[in-house]
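Participant: Below you'll find the structure I mean.
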Amino acid sequence: MNLLLESIVANGLLFDALGIIGLGVLALAALRLVRKSNSWGGSMMGYGAVALLIARLYILLSPHFISQDLLAAIGPLGISMTVALPTLLLTFGLAGVVWGLWGHEKWLRES
Amino acid sequence: MYFVQLFQIASIDAVRPVFMIVMGIFLMLVAWRLARNTEGWSARLMVGGAFLLCVGYAILIPLYDAGKIEKYYPGANLHSPSTALAWHAVKLVVMNAGWLVLGLGLGLHSGLLRVPLIRKVSKTRTVSGHESVA
């Protein structure tokens, strides 16, 4: 396989790290918007970014600690959670960021 | 998904691509509106990031959900492995760089990060709660 492609795909951790860093900066920026300008859009974006961060970190780390024994121990509800929670977090995270950005833009326009 | 499936058309699996497309387009729209009256790098980065994310959420993910692109994972039985690999690489780059650029743009916009400027003269700065600055 082409070395560049291999580094992108097989060692995709680099790109995932970039995405996580971007989300982290987004969360910090949203925090600043909340502190300095009391923009509610900022807090929505903050919550959304945190949800996305948690989901992404879980997806990155889960292959390392999820094993058959752990799955058996947490039972069928737990297994449903390991499938459902990351998707829920990703969905609400994206919704939060978009809604927050819209609210912030509206607030900017009106002020 | 072990969720309540009311009707086929309202099931979670059916709604998800629609949700992604709507979110992607909405994000693009909002970023464009925000940047319309803003100058400088914060606007460019935010629109750029939003555009990358829109491509990812509104185009790539629905294509995956519709089965038009094969999912690439170890041990997959793929029709065309090189195509699947190529799309996987595109998705990785677009979705991650999108968030990175959007985050950096918002960081600039909120004043968290600043564009390094070599100030020759010290200017009097109007302190605004909102620095859409470059």
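Here, A, B, ... name the chains of the structure tokens in the order displayed, residue numbers run from 1 inside each chain, and ligands are numbered from 1 in the same displayed order.
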Would you mind listing, for every residue of chain B within 8 Å of chain A, the two atoms forming the shortest contact and the distance between them in Å to one decimal, using only C-alpha atoms, sorted by chain and ascending residue number, as a tab-separated table?

Facilitator:
residue	atom	partner	partner_atom	distance
B:Met1	CA	A:Ala84	CA	7.0
B:Tyr2	CA	A:Ser80	CA	7.0
B:Met23	CA	A:Val98	CA	6.9
B:Phe26	CA	A:Val98	CA	7.3
B:Leu27	CA	A:Val98	CA	5.6
B:Val30	CA	A:Trp102	CA	5.7
B:Ala31	CA	A:Leu101	CA	7.7
B:Arg33	CA	A:Glu105	CA	7.5
B:Leu34	CA	A:Glu105	CA	5.7
B:Leu85	CA	A:Val9	CA	7.8
B:His88	CA	A:Val9	CA	7.5
B:Ala89	CA	A:Val9	CA	6.0
B:Leu92	CA	A:Phe15	CA	6.6
B:Val93	CA	A:Phe15	CA	6.6
B:Met95	CA	A:Gly19	CA	7.4
B:Asn96	CA	A:Gly19	CA	4.1
B:Ala97	CA	A:Gly19	CA	6.2
B:Gly98	CA	A:Gly19	CA	7.6
B:Trp99	CA	A:Gly22	CA	5.2
B:Leu100	CA	A:Gly22	CA	3.6
B:Val101	CA	A:Gly22	CA	6.8
B:Leu102	CA	A:Gly22	CA	7.2
B:Gly103	CA	A:Leu26	CA	4.1
B:Leu104	CA	A:Val25	CA	6.4
B:Leu106	CA	A:Ala29	CA	6.1
B:Gly107	CA	A:Ala29	CA	4.7
B:Ser110	CA	A:Ala29	CA	5.8
B:Gly111	CA	A:Ala29	CA	7.7
B:Leu112	CA	A:Ala29	CA	5.8
B:Gly129	CA	A:Ser37	CA	5.6
B:His130	CA	A:Ser37	CA	7.2

Participant: I need the residues in segment 16-119 of chain B that are alpha helix (DSSP H) according to DSSP; give them as an MDAnalysis selection string.

Facilitator: chainID B and resid 16:36 41:54 61:65 81:110

Participant: Give me the residues near Ala84 of chain B as number ranges by chain, where near means some atom within 7 Å (using only C-alpha atoms) and where sequence neighbours in that chain fewer than 4 positions away do not count.

Facilitator: B: 69-72, 80, 88

Participant: Tell me which protein, DNA and RNA residues are within 10 Å of Ile59 of chain A, counting only C-alpha atoms, leaving out same-chain ones fewer than 5 positions away, and put them as a VMD selection string.

Facilitator: chain A and resid 53 to 54 64 82 86 to 87

Participant: Restricting the output to N, CA and C atoms, write the selected residues as a PDB file, in the first residue's frame.

Facilitator:
ATOM      1  N   LEU A  53     -16.946  15.306  21.894  1.00  0.00           N
ATOM      2  CA  LEU A  53     -15.637  14.878  22.395  1.00  0.00           C
ATOM      3  C   LEU A  53     -15.743  13.552  23.132  1.00  0.00           C
ATOM      4  N   ILE A  54     -16.749  13.449  24.023  1.00  0.00           N
ATOM      5  CA  ILE A  54     -16.901  12.212  24.790  1.00  0.00           C
ATOM      6  C   ILE A  54     -17.144  11.042  23.845  1.00  0.00           C
ATOM      7  N   HIS A  64      -9.794  -0.810  22.957  1.00  0.00           N
ATOM      8  CA  HIS A  64      -8.742  -1.208  23.878  1.00  0.00           C
ATOM      9  C   HIS A  64      -9.252  -1.776  25.184  1.00  0.00           C
ATOM     10  N   THR A  82     -23.674   0.441  24.990  1.00  0.00           N
ATOM     11  CA  THR A  82     -22.424   0.683  24.263  1.00  0.00           C
ATOM     12  C   THR A  82     -22.682   0.960  22.789  1.00  0.00           C
ATOM     13  N   PRO A  86     -22.976   6.191  22.285  1.00  0.00           N
ATOM     14  CA  PRO A  86     -22.123   7.004  21.400  1.00  0.00           C
ATOM     15  C   PRO A  86     -22.905   7.647  20.267  1.00  0.00           C
ATOM     16  N   THR A  87     -23.850   6.904  19.682  1.00  0.00           N
ATOM     17  CA  THR A  87     -24.635   7.484  18.592  1.00  0.00           C
ATOM     18  C   THR A  87     -25.469   8.651  19.086  1.00  0.00           C
TER      19      THR A  87
END

Participant: Could you give me, as an MDAnalysis selection string, the residues within 6 Å of segment 51-65 of chain B, counting only C-alpha atoms and dropping anything in the same chain fewer than 4 positions from it?

Facilitator: chainID B and resid 17 20:21 24 28 47 69 94:95 98

Participant: Keeping N, CA and C atoms for every residue in the selection just given, could you write it to a file as a PDB file, in the first residue's frame?

Facilitator:
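And here is the file that came out, selection21.pdb:
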ATOM      1  N   PRO B  17     -29.939   9.754   8.092  1.00  0.00           N
ATOM      2  CA  PRO B  17     -29.347  10.477   6.953  1.00  0.00           C
ATOM      3  C   PRO B  17     -29.999  11.832   6.727  1.00  0.00           C
ATOM      4  N   MET B  20     -28.600  14.208   9.198  1.00  0.00           N
ATOM      5  CA  MET B  20     -27.241  14.607   8.853  1.00  0.00           C
ATOM      6  C   MET B  20     -27.235  15.640   7.747  1.00  0.00           C
ATOM      7  N   ILE B  21     -28.057  15.407   6.719  1.00  0.00           N
ATOM      8  CA  ILE B  21     -28.091  16.338   5.589  1.00  0.00           C
ATOM      9  C   ILE B  21     -28.574  17.710   6.063  1.00  0.00           C
ATOM     10  N   GLY B  24     -25.898  19.372   8.142  1.00  0.00           N
ATOM     11  CA  GLY B  24     -24.768  19.823   7.339  1.00  0.00           C
ATOM     12  C   GLY B  24     -25.084  21.113   6.607  1.00  0.00           C
ATOM     13  N   MET B  28     -23.587  25.023   7.243  1.00  0.00           N
ATOM     14  CA  MET B  28     -22.997  25.808   6.165  1.00  0.00           C
ATOM     15  C   MET B  28     -23.677  27.175   6.080  1.00  0.00           C
ATOM     16  N   VAL B  47     -15.954  29.394   7.679  1.00  0.00           N
ATOM     17  CA  VAL B  47     -16.664  28.953   6.477  1.00  0.00           C
ATOM     18  C   VAL B  47     -15.983  27.723   5.878  1.00  0.00           C
ATOM     19  N   ILE B  69     -21.407   3.695  -0.950  1.00  0.00           N
ATOM     20  CA  ILE B  69     -19.981   3.524  -0.666  1.00  0.00           C
ATOM     21  C   ILE B  69     -19.855   2.365   0.303  1.00  0.00           C
ATOM     22  N   VAL B  94     -11.760  14.709   5.673  1.00  0.00           N
ATOM     23  CA  VAL B  94     -12.779  15.756   5.637  1.00  0.00           C
ATOM     24  C   VAL B  94     -13.403  15.973   7.010  1.00  0.00           C
ATOM     25  N   MET B  95     -13.820  14.883   7.659  1.00  0.00           N
ATOM     26  CA  MET B  95     -14.533  15.051   8.919  1.00  0.00           C
ATOM     27  C   MET B  95     -13.624  15.597  10.008  1.00  0.00           C
ATOM     28  N   GLY B  98     -12.365  19.216   9.052  1.00  0.00           N
ATOM     29  CA  GLY B  98     -13.503  20.116   9.180  1.00  0.00           C
ATOM     30  C   GLY B  98     -13.657  20.636  10.594  1.00  0.00           C
TER      31      GLY B  98
END

Participant: Quick check, in Å to one decimal: how far apart do atom CA of Trp41 of chain B and atom CA of Ala51 of chain A lie?

Facilitator: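 Pair atom CA of Trp41 of chain B / atom CA of Ala51 of chain A returns 27.0 Å.
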
Participant: Between atom CA of Leu89 of chain A and atom CA of Gly75 of chain A, what distance in Å does the model show, to one decimal?

Facilitator: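 Atom CA of Leu89 of chain A sits 21.1 Å away from atom CA of Gly75 of chain A.
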
Participant: To one decimal place in Å, what is the distance between atom CA of Phe65 of chain A and atom CA of Leu85 of chain A?

Facilitator: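 According to the coordinates, atom CA of Phe65 of chain A and atom CA of Leu85 of chain A are separated by 16.4 Å.
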